[in-house]
Amino acid sequence: MENNELVSISQGALAIMNPTTPEKVLAAGRAAGLREGSRVVEAGCGNGTILALWGREYGISGVGVEAREDACGRAEQTFRAAGLGDRIAVRCMDAREYVPDEPFDCAAAIGASHIWGGFAATLDALLGMVTDEGTIVIGDRCWRSDRTPPEFAREWPDVLTEYEILGTAREAGLDVAAVIRADGNDWDRYESGIWQSVLSWLGDNPGHPERDFMIDYLHRLQDEYFGYSREHMGWAIFVLVPGFW
């Protein structure tokens, strides 16, 4: 099954396609200094929920960049429903090919570092989208410690520890203004939402040629989660600001 279709089936129904909450998303926006007039770009904006939250709470304008056409349509609906259709637009394209007309005040990638292949590459890409005083907001997986069993760590070679993320930010000339972590309830809610979406799809598509693949996919996700992710994998939103050195 093509990856974008798989994502749409498994996560398309989730308002926020990450283990976090609206309250934590708003806290990240506050730490990033978002306010009336701030221009924000979000790479991999999904259904548009995060930009809509920031638009309603902080009065931002901006652009969401999303490769999946169905998600682009939902994002446009989200912005219109929130009364933000004239302030926040959607660019339906690969974020790696997006070049802004002018730099933004803030660039975000919430659970979208896979687009560039990891935290460091994502940070580099987002820095190219903001002003010299711009802020960066990245939501990403991270190992809870540097003592992750090797057999698990090898499954996720691009995942860093929080300490490695701190070092990566400093090497880029940034300070960490805030870290807003997912807790166990956030993870359970997010993973369970994916499982329920897949189970619903299986119930609606008894004769689909990809049915066996989807069953294997569901069981693999659950094996990973109960086997090691719940214990060893973290997720957090990191708010990065220009350093003062």
# chains A, B, ... in the order shown; residues from 1 in each chain; ligands from 1
>>> residues_around(residues="Tyr228 in chain A", least_positions_apart="4", cutoff="12 Å", atoms="only C-alpha atoms", output="JSON, numbers by chain")
{"A": [143, 144, 148, 149, 150, 151, 152, 153, 155, 156, 220, 221, 222, 223, 224, 232, 233, 234]}
>>> write_last_selection(atoms="all heavy atoms", output="compact mmCIF listing (two decimals), in the first residue's frame")
# COMPACT_ATOMS: atom_id res chain seq x y z
N TRP A 143 14.40 9.07 22.29
CA TRP A 143 14.59 8.00 23.26
C TRP A 143 14.56 8.58 24.66
O TRP A 143 15.08 9.67 24.91
CB TRP A 143 15.92 7.30 23.02
CG TRP A 143 16.00 6.54 21.74
CD1 TRP A 143 16.85 6.75 20.70
CD2 TRP A 143 15.16 5.44 21.33
NE1 TRP A 143 16.61 5.86 19.68
CE2 TRP A 143 15.58 5.04 20.04
CE3 TRP A 143 14.10 4.76 21.93
CZ2 TRP A 143 14.98 4.00 19.34
CZ3 TRP A 143 13.50 3.71 21.23
CH2 TRP A 143 13.94 3.34 19.97
N ARG A 144 13.96 7.86 25.57
CA ARG A 144 13.85 8.34 26.95
C ARG A 144 15.20 8.37 27.64
O ARG A 144 15.40 9.13 28.60
CB ARG A 144 12.89 7.45 27.74
CG ARG A 144 11.44 7.54 27.25
CD ARG A 144 10.53 6.72 28.15
NE ARG A 144 9.16 6.72 27.68
CZ ARG A 144 8.27 7.65 27.95
NH1 ARG A 144 8.62 8.68 28.70
NH2 ARG A 144 7.04 7.57 27.48
N THR A 148 18.69 2.64 25.77
CA THR A 148 17.71 1.88 25.00
C THR A 148 18.35 0.59 24.50
O THR A 148 19.46 0.63 23.95
CB THR A 148 17.21 2.70 23.81
OG1 THR A 148 16.67 3.92 24.28
CG2 THR A 148 16.15 1.93 23.03
N PRO A 149 17.71 -0.56 24.68
CA PRO A 149 18.29 -1.81 24.16
C PRO A 149 18.61 -1.70 22.68
O PRO A 149 17.79 -1.19 21.90
CB PRO A 149 17.17 -2.83 24.43
CG PRO A 149 16.43 -2.28 25.61
CD PRO A 149 16.45 -0.79 25.41
N PRO A 150 19.80 -2.14 22.26
CA PRO A 150 20.23 -1.97 20.87
C PRO A 150 19.26 -2.54 19.85
O PRO A 150 19.08 -1.97 18.77
CB PRO A 150 21.57 -2.70 20.83
CG PRO A 150 22.07 -2.66 22.23
CD PRO A 150 20.84 -2.76 23.08
N GLU A 151 18.61 -3.66 20.17
CA GLU A 151 17.70 -4.26 19.20
C GLU A 151 16.51 -3.36 18.91
O GLU A 151 15.91 -3.42 17.83
CB GLU A 151 17.22 -5.64 19.67
CG GLU A 151 16.41 -5.65 20.96
CD GLU A 151 17.25 -5.80 22.20
OE1 GLU A 151 18.44 -5.40 22.17
OE2 GLU A 151 16.74 -6.31 23.21
N PHE A 152 16.17 -2.50 19.85
CA PHE A 152 15.09 -1.54 19.62
C PHE A 152 15.63 -0.29 18.93
O PHE A 152 15.02 0.23 18.00
CB PHE A 152 14.43 -1.16 20.93
CG PHE A 152 13.86 -2.32 21.70
CD1 PHE A 152 13.81 -2.29 23.09
CD2 PHE A 152 13.38 -3.43 21.04
CE1 PHE A 152 13.29 -3.36 23.81
CE2 PHE A 152 12.85 -4.51 21.75
CZ PHE A 152 12.81 -4.47 23.12
N ALA A 153 16.77 0.19 19.40
CA ALA A 153 17.35 1.41 18.82
C ALA A 153 17.63 1.24 17.34
O ALA A 153 17.48 2.19 16.56
CB ALA A 153 18.63 1.77 19.57
N GLU A 155 15.88 -0.23 15.22
CA GLU A 155 14.65 -0.09 14.46
C GLU A 155 14.36 1.36 14.11
O GLU A 155 13.61 1.66 13.18
CB GLU A 155 13.47 -0.66 15.27
CG GLU A 155 13.51 -2.16 15.48
CD GLU A 155 13.29 -2.92 14.20
OE1 GLU A 155 12.44 -2.50 13.39
OE2 GLU A 155 13.96 -3.95 14.00
N TRP A 156 14.95 2.29 14.86
CA TRP A 156 14.69 3.72 14.67
C TRP A 156 16.01 4.48 14.65
O TRP A 156 16.32 5.25 15.56
CB TRP A 156 13.80 4.25 15.81
CG TRP A 156 12.48 3.59 15.91
CD1 TRP A 156 12.15 2.47 16.60
CD2 TRP A 156 11.27 4.01 15.25
NE1 TRP A 156 10.82 2.16 16.43
CE2 TRP A 156 10.26 3.09 15.60
CE3 TRP A 156 10.96 5.07 14.40
CZ2 TRP A 156 8.96 3.21 15.14
CZ3 TRP A 156 9.65 5.18 13.94
CH2 TRP A 156 8.67 4.27 14.31
N ARG A 220 1.83 -5.27 13.90
CA ARG A 220 3.21 -4.79 14.05
C ARG A 220 3.25 -3.53 14.91
O ARG A 220 4.12 -3.39 15.79
CB ARG A 220 3.83 -4.52 12.68
CG ARG A 220 5.31 -4.14 12.74
CD ARG A 220 5.94 -4.16 11.38
NE ARG A 220 5.49 -3.06 10.53
CZ ARG A 220 4.69 -3.20 9.49
NH1 ARG A 220 4.23 -4.39 9.15
NH2 ARG A 220 4.34 -2.14 8.76
N LEU A 221 2.32 -2.60 14.67
CA LEU A 221 2.26 -1.40 15.50
C LEU A 221 2.04 -1.75 16.97
O LEU A 221 2.68 -1.17 17.86
CB LEU A 221 1.13 -0.49 15.03
CG LEU A 221 1.28 0.20 13.68
CD1 LEU A 221 0.04 1.05 13.40
CD2 LEU A 221 2.53 1.06 13.63
N GLN A 222 1.15 -2.67 17.23
CA GLN A 222 0.86 -3.05 18.61
C GLN A 222 2.03 -3.79 19.24
O GLN A 222 2.34 -3.57 20.43
CB GLN A 222 -0.42 -3.88 18.66
CG GLN A 222 -1.65 -3.08 18.27
CD GLN A 222 -2.92 -3.92 18.24
OE1 GLN A 222 -2.87 -5.13 18.02
NE2 GLN A 222 -4.05 -3.28 18.46
N ASP A 223 2.70 -4.65 18.48
CA ASP A 223 3.88 -5.34 19.00
C ASP A 223 4.96 -4.34 19.40
O ASP A 223 5.58 -4.47 20.46
CB ASP A 223 4.45 -6.31 17.94
CG ASP A 223 3.57 -7.53 17.75
OD1 ASP A 223 2.68 -7.79 18.59
OD2 ASP A 223 3.78 -8.24 16.73
N GLU A 224 5.19 -3.34 18.54
CA GLU A 224 6.19 -2.32 18.84
C GLU A 224 5.81 -1.54 20.10
O GLU A 224 6.66 -1.28 20.97
CB GLU A 224 6.34 -1.35 17.67
CG GLU A 224 7.02 -1.95 16.44
CD GLU A 224 7.04 -0.97 15.28
OE1 GLU A 224 6.40 0.10 15.38
OE2 GLU A 224 7.68 -1.29 14.27
N HIS A 232 10.33 2.88 26.20
CA HIS A 232 11.59 3.51 25.82
C HIS A 232 11.45 4.74 24.92
O HIS A 232 12.37 5.55 24.86
CB HIS A 232 12.47 2.49 25.09
CG HIS A 232 12.86 1.33 25.93
ND1 HIS A 232 13.77 1.43 26.96
CD2 HIS A 232 12.46 0.02 25.91
CE1 HIS A 232 13.92 0.24 27.54
NE2 HIS A 232 13.14 -0.62 26.93
N MET A 233 10.32 4.89 24.22
CA MET A 233 10.18 5.98 23.26
C MET A 233 9.43 7.15 23.87
O MET A 233 8.34 6.98 24.43
CB MET A 233 9.43 5.49 22.02
CG MET A 233 9.37 6.52 20.89
SD MET A 233 10.88 6.61 19.93
CE MET A 233 10.68 5.14 18.88
N GLY A 234 10.00 8.32 23.76
CA GLY A 234 9.32 9.53 24.18
C GLY A 234 8.90 10.34 22.97
O GLY A 234 9.21 10.01 21.82
>>> residues_around(residues="range 68-83 of chain A", least_positions_apart="4", cutoff="10 Å", atoms="only C-alpha atoms", output="JSON, numbers by chain")
{"A": [3, 4, 5, 7, 8, 12, 13, 15, 44, 45, 46, 47, 48, 49, 50, 51, 52, 53, 55, 56, 64, 87, 88, 89, 90, 91, 92, 93, 94]}
>>> write_last_selection(atoms="N, CA and C atoms", output="PDB file, in the first residue's frame")
ATOM      1  N   ASN A   3       2.369   4.797   0.875  1.00  0.00           N
ATOM      2  CA  ASN A   3       2.505   5.312   2.236  1.00  0.00           C
ATOM      3  C   ASN A   3       1.486   6.393   2.556  1.00  0.00           C
ATOM      4  N   ASN A   4       1.234   7.318   1.637  1.00  0.00           N
ATOM      5  CA  ASN A   4       0.272   8.388   1.927  1.00  0.00           C
ATOM      6  C   ASN A   4      -1.122   7.820   2.175  1.00  0.00           C
ATOM      7  N   GLU A   5      -1.495   6.785   1.430  1.00  0.00           N
ATOM      8  CA  GLU A   5      -2.796   6.148   1.653  1.00  0.00           C
ATOM      9  C   GLU A   5      -2.838   5.479   3.022  1.00  0.00           C
ATOM     10  N   VAL A   7      -1.148   6.333   5.705  1.00  0.00           N
ATOM     11  CA  VAL A   7      -1.254   7.378   6.723  1.00  0.00           C
ATOM     12  C   VAL A   7      -2.683   7.908   6.801  1.00  0.00           C
ATOM     13  N   SER A   8      -3.301   8.111   5.656  1.00  0.00           N
ATOM     14  CA  SER A   8      -4.667   8.628   5.647  1.00  0.00           C
ATOM     15  C   SER A   8      -5.631   7.661   6.310  1.00  0.00           C
ATOM     16  N   GLY A  12      -5.777   9.641   9.484  1.00  0.00           N
ATOM     17  CA  GLY A  12      -6.536  10.734   8.895  1.00  0.00           C
ATOM     18  C   GLY A  12      -7.704  11.220   9.737  1.00  0.00           C
ATOM     19  N   ALA A  13      -8.244  10.348  10.570  1.00  0.00           N
ATOM     20  CA  ALA A  13      -9.390  10.738  11.393  1.00  0.00           C
ATOM     21  C   ALA A  13      -8.982  11.451  12.676  1.00  0.00           C
ATOM     22  N   ALA A  15      -7.632  14.391  14.931  1.00  0.00           N
ATOM     23  CA  ALA A  15      -7.537  15.850  14.813  1.00  0.00           C
ATOM     24  C   ALA A  15      -6.084  16.288  14.880  1.00  0.00           C
ATOM     25  N   GLY A  44       4.084  19.618   6.827  1.00  0.00           N
ATOM     26  CA  GLY A  44       3.339  18.428   7.214  1.00  0.00           C
ATOM     27  C   GLY A  44       2.197  18.787   8.140  1.00  0.00           C
ATOM     28  N   CYS A  45       1.354  19.718   7.714  1.00  0.00           N
ATOM     29  CA  CYS A  45       0.315  20.275   8.603  1.00  0.00           C
ATOM     30  C   CYS A  45      -0.870  19.345   8.811  1.00  0.00           C
ATOM     31  N   GLY A  46      -0.922  18.223   8.088  1.00  0.00           N
ATOM     32  CA  GLY A  46      -2.014  17.283   8.288  1.00  0.00           C
ATOM     33  C   GLY A  46      -3.371  17.919   8.076  1.00  0.00           C
ATOM     34  N   ASN A  47      -4.250  17.750   9.047  1.00  0.00           N
ATOM     35  CA  ASN A  47      -5.616  18.260   8.936  1.00  0.00           C
ATOM     36  C   ASN A  47      -5.747  19.737   9.298  1.00  0.00           C
ATOM     37  N   GLY A  48      -4.639  20.389   9.610  1.00  0.00           N
ATOM     38  CA  GLY A  48      -4.671  21.818   9.883  1.00  0.00           C
ATOM     39  C   GLY A  48      -5.012  22.210  11.307  1.00  0.00           C
ATOM     40  N   THR A  49      -5.152  21.230  12.194  1.00  0.00           N
ATOM     41  CA  THR A  49      -5.615  21.525  13.551  1.00  0.00           C
ATOM     42  C   THR A  49      -4.664  22.441  14.304  1.00  0.00           C
ATOM     43  N   ILE A  50      -3.362  22.211  14.173  1.00  0.00           N
ATOM     44  CA  ILE A  50      -2.396  22.981  14.956  1.00  0.00           C
ATOM     45  C   ILE A  50      -2.385  24.447  14.519  1.00  0.00           C
ATOM     46  N   LEU A  51      -2.332  24.692  13.228  1.00  0.00           N
ATOM     47  CA  LEU A  51      -2.375  26.077  12.752  1.00  0.00           C
ATOM     48  C   LEU A  51      -3.686  26.758  13.132  1.00  0.00           C
ATOM     49  N   ALA A  52      -4.773  26.001  13.093  1.00  0.00           N
ATOM     50  CA  ALA A  52      -6.065  26.583  13.477  1.00  0.00           C
ATOM     51  C   ALA A  52      -6.073  26.964  14.955  1.00  0.00           C
ATOM     52  N   LEU A  53      -5.497  26.121  15.806  1.00  0.00           N
ATOM     53  CA  LEU A  53      -5.411  26.449  17.228  1.00  0.00           C
ATOM     54  C   LEU A  53      -4.612  27.731  17.437  1.00  0.00           C
ATOM     55  N   GLY A  55      -4.059  30.037  15.221  1.00  0.00           N
ATOM     56  CA  GLY A  55      -4.753  31.147  14.597  1.00  0.00           C
ATOM     57  C   GLY A  55      -5.832  31.726  15.497  1.00  0.00           C
ATOM     58  N   ARG A  56      -6.619  30.856  16.129  1.00  0.00           N
ATOM     59  CA  ARG A  56      -7.695  31.329  17.014  1.00  0.00           C
ATOM     60  C   ARG A  56      -7.141  31.954  18.289  1.00  0.00           C
ATOM     61  N   GLY A  64       0.143  26.244   5.647  1.00  0.00           N
ATOM     62  CA  GLY A  64       0.375  24.841   5.954  1.00  0.00           C
ATOM     63  C   GLY A  64       0.796  24.125   4.681  1.00  0.00           C
ATOM     64  N   ARG A  87      -6.680  33.965   6.346  1.00  0.00           N
ATOM     65  CA  ARG A  87      -5.379  34.208   6.977  1.00  0.00           C
ATOM     66  C   ARG A  87      -4.411  33.036   6.871  1.00  0.00           C
ATOM     67  N   ILE A  88      -4.953  31.819   6.719  1.00  0.00           N
ATOM     68  CA  ILE A  88      -4.089  30.638   6.666  1.00  0.00           C
ATOM     69  C   ILE A  88      -4.440  29.842   5.414  1.00  0.00           C
ATOM     70  N   ALA A  89      -3.447  29.591   4.586  1.00  0.00           N
ATOM     71  CA  ALA A  89      -3.634  28.880   3.325  1.00  0.00           C
ATOM     72  C   ALA A  89      -2.940  27.520   3.384  1.00  0.00           C
ATOM     73  N   VAL A  90      -3.280  26.652   2.431  1.00  0.00           N
ATOM     74  CA  VAL A  90      -2.673  25.330   2.324  1.00  0.00           C
ATOM     75  C   VAL A  90      -1.947  25.228   0.994  1.00  0.00           C
ATOM     76  N   ARG A  91      -0.715  24.746   1.053  1.00  0.00           N
ATOM     77  CA  ARG A  91       0.015  24.410  -0.155  1.00  0.00           C
ATOM     78  C   ARG A  91       0.109  22.904  -0.217  1.00  0.00           C
ATOM     79  N   CYS A  92      -0.524  22.309  -1.210  1.00  0.00           N
ATOM     80  CA  CYS A  92      -0.575  20.849  -1.316  1.00  0.00           C
ATOM     81  C   CYS A  92       0.628  20.377  -2.139  1.00  0.00           C
ATOM     82  N   MET A  93       1.715  20.073  -1.433  1.00  0.00           N
ATOM     83  CA  MET A  93       2.958  19.722  -2.106  1.00  0.00           C
ATOM     84  C   MET A  93       3.928  19.094  -1.106  1.00  0.00           C
ATOM     85  N   ASP A  94       4.991  18.525  -1.617  1.00  0.00           N
ATOM     86  CA  ASP A  94       6.069  17.982  -0.801  1.00  0.00           C
ATOM     87  C   ASP A  94       6.789  19.148  -0.112  1.00  0.00           C
TER      88      ASP A  94
END
>>> select_by_dssp(residues="range 8-111 of chain A", states="helix (DSSP H, G or I)", output="PyMOL selection string")
chain A and resi 8-11+22-31+49-58+69-81+95-97
>>> residues_around(residues="Asp101 in chain A", least_positions_apart="3", cutoff="12 Å", atoms="only C-alpha atoms", output="number ranges by chain")
A: 41, 62-63, 98, 104, 128-130
>>> write_last_selection(atoms="N, CA, C and O atoms", output="PDB file, in the first residue's frame")
ATOM      1  N   VAL A  41       4.714  29.047   9.224  1.00  0.00           N
ATOM      2  CA  VAL A  41       4.599  27.968   8.251  1.00  0.00           C
ATOM      3  C   VAL A  41       4.713  26.648   9.001  1.00  0.00           C
ATOM      4  O   VAL A  41       5.558  26.505   9.885  1.00  0.00           O
ATOM      5  N   GLY A  62      -0.566  32.499   8.045  1.00  0.00           N
ATOM      6  CA  GLY A  62       0.506  31.651   7.549  1.00  0.00           C
ATOM      7  C   GLY A  62       0.089  30.623   6.525  1.00  0.00           C
ATOM      8  O   GLY A  62      -0.947  30.755   5.860  1.00  0.00           O
ATOM      9  N   VAL A  63       0.923  29.576   6.441  1.00  0.00           N
ATOM     10  CA  VAL A  63       0.778  28.560   5.403  1.00  0.00           C
ATOM     11  C   VAL A  63       1.007  27.180   6.011  1.00  0.00           C
ATOM     12  O   VAL A  63       1.951  26.979   6.784  1.00  0.00           O
ATOM     13  N   TYR A  98       9.117  23.075  -1.005  1.00  0.00           N
ATOM     14  CA  TYR A  98       8.498  24.368  -0.718  1.00  0.00           C
ATOM     15  C   TYR A  98       9.565  25.435  -0.465  1.00  0.00           C
ATOM     16  O   TYR A  98      10.465  25.255   0.373  1.00  0.00           O
ATOM     17  N   PHE A 104       9.386  33.515   7.309  1.00  0.00           N
ATOM     18  CA  PHE A 104       8.340  33.530   8.326  1.00  0.00           C
ATOM     19  C   PHE A 104       8.926  33.890   9.691  1.00  0.00           C
ATOM     20  O   PHE A 104      10.138  33.854   9.902  1.00  0.00           O
ATOM     21  N   GLY A 128      15.818  27.542   7.153  1.00  0.00           N
ATOM     22  CA  GLY A 128      15.810  28.213   5.864  1.00  0.00           C
ATOM     23  C   GLY A 128      14.498  28.898   5.530  1.00  0.00           C
ATOM     24  O   GLY A 128      14.404  29.572   4.498  1.00  0.00           O
ATOM     25  N   MET A 129      13.490  28.742   6.399  1.00  0.00           N
ATOM     26  CA  MET A 129      12.172  29.327   6.153  1.00  0.00           C
ATOM     27  C   MET A 129      11.859  30.518   7.039  1.00  0.00           C
ATOM     28  O   MET A 129      10.810  31.133   6.897  1.00  0.00           O
ATOM     29  N   VAL A 130      12.744  30.846   7.999  1.00  0.00           N
ATOM     30  CA  VAL A 130      12.432  31.901   8.967  1.00  0.00           C
ATOM     31  C   VAL A 130      13.437  33.051   8.886  1.00  0.00           C
ATOM     32  O   VAL A 130      14.522  32.921   8.325  1.00  0.00           O
TER      33      VAL A 130
END
>>> closest_residue(among="A:Gly167, A:Gly134, A:Pro19, A:Leu199", to="Asp216 in chain A", atoms="only C-alpha atoms")
A:Leu199
>>> select_by_dssp(residues="range 62-234 of chain A", states="strand (DSSP E)", output="VMD selection string")
chain A and resid 62 to 66 88 to 92 104 to 110 130 to 143 160 to 161 174 to 181 233 to 234
>>> residues_around(residues="range 113-124 of chain A", least_positions_apart="2", cutoff="6 Å", atoms="only C-alpha atoms", output="number ranges by chain")
A: 126-127, 158
>>> write_last_selection(atoms="N, CA and C atoms", output="short mmCIF file (atom, residue, chain, number, x, y, z; two decimals), in the first residue's frame")
data_model
loop_
_atom_site.label_atom_id
_atom_site.label_comp_id
_atom_site.auth_asym_id
_atom_site.auth_seq_id
_atom_site.Cartn_x
_atom_site.Cartn_y
_atom_site.Cartn_z
N LEU A 126 13.92 23.96 8.32
CA LEU A 126 13.05 24.99 8.89
C LEU A 126 13.80 26.31 9.09
N LEU A 127 15.06 26.24 9.42
CA LEU A 127 15.84 27.47 9.57
C LEU A 127 15.90 28.26 8.26
N ASP A 158 17.04 7.08 13.19
CA ASP A 158 17.01 8.54 13.13
C ASP A 158 16.55 9.19 14.44
#
>>> closest_residue(among="A:Asp146, A:Lys24, A:Ser10, A:Glu36", to="Leu202 in chain A", atoms="only C-alpha atoms")
A:Ser10
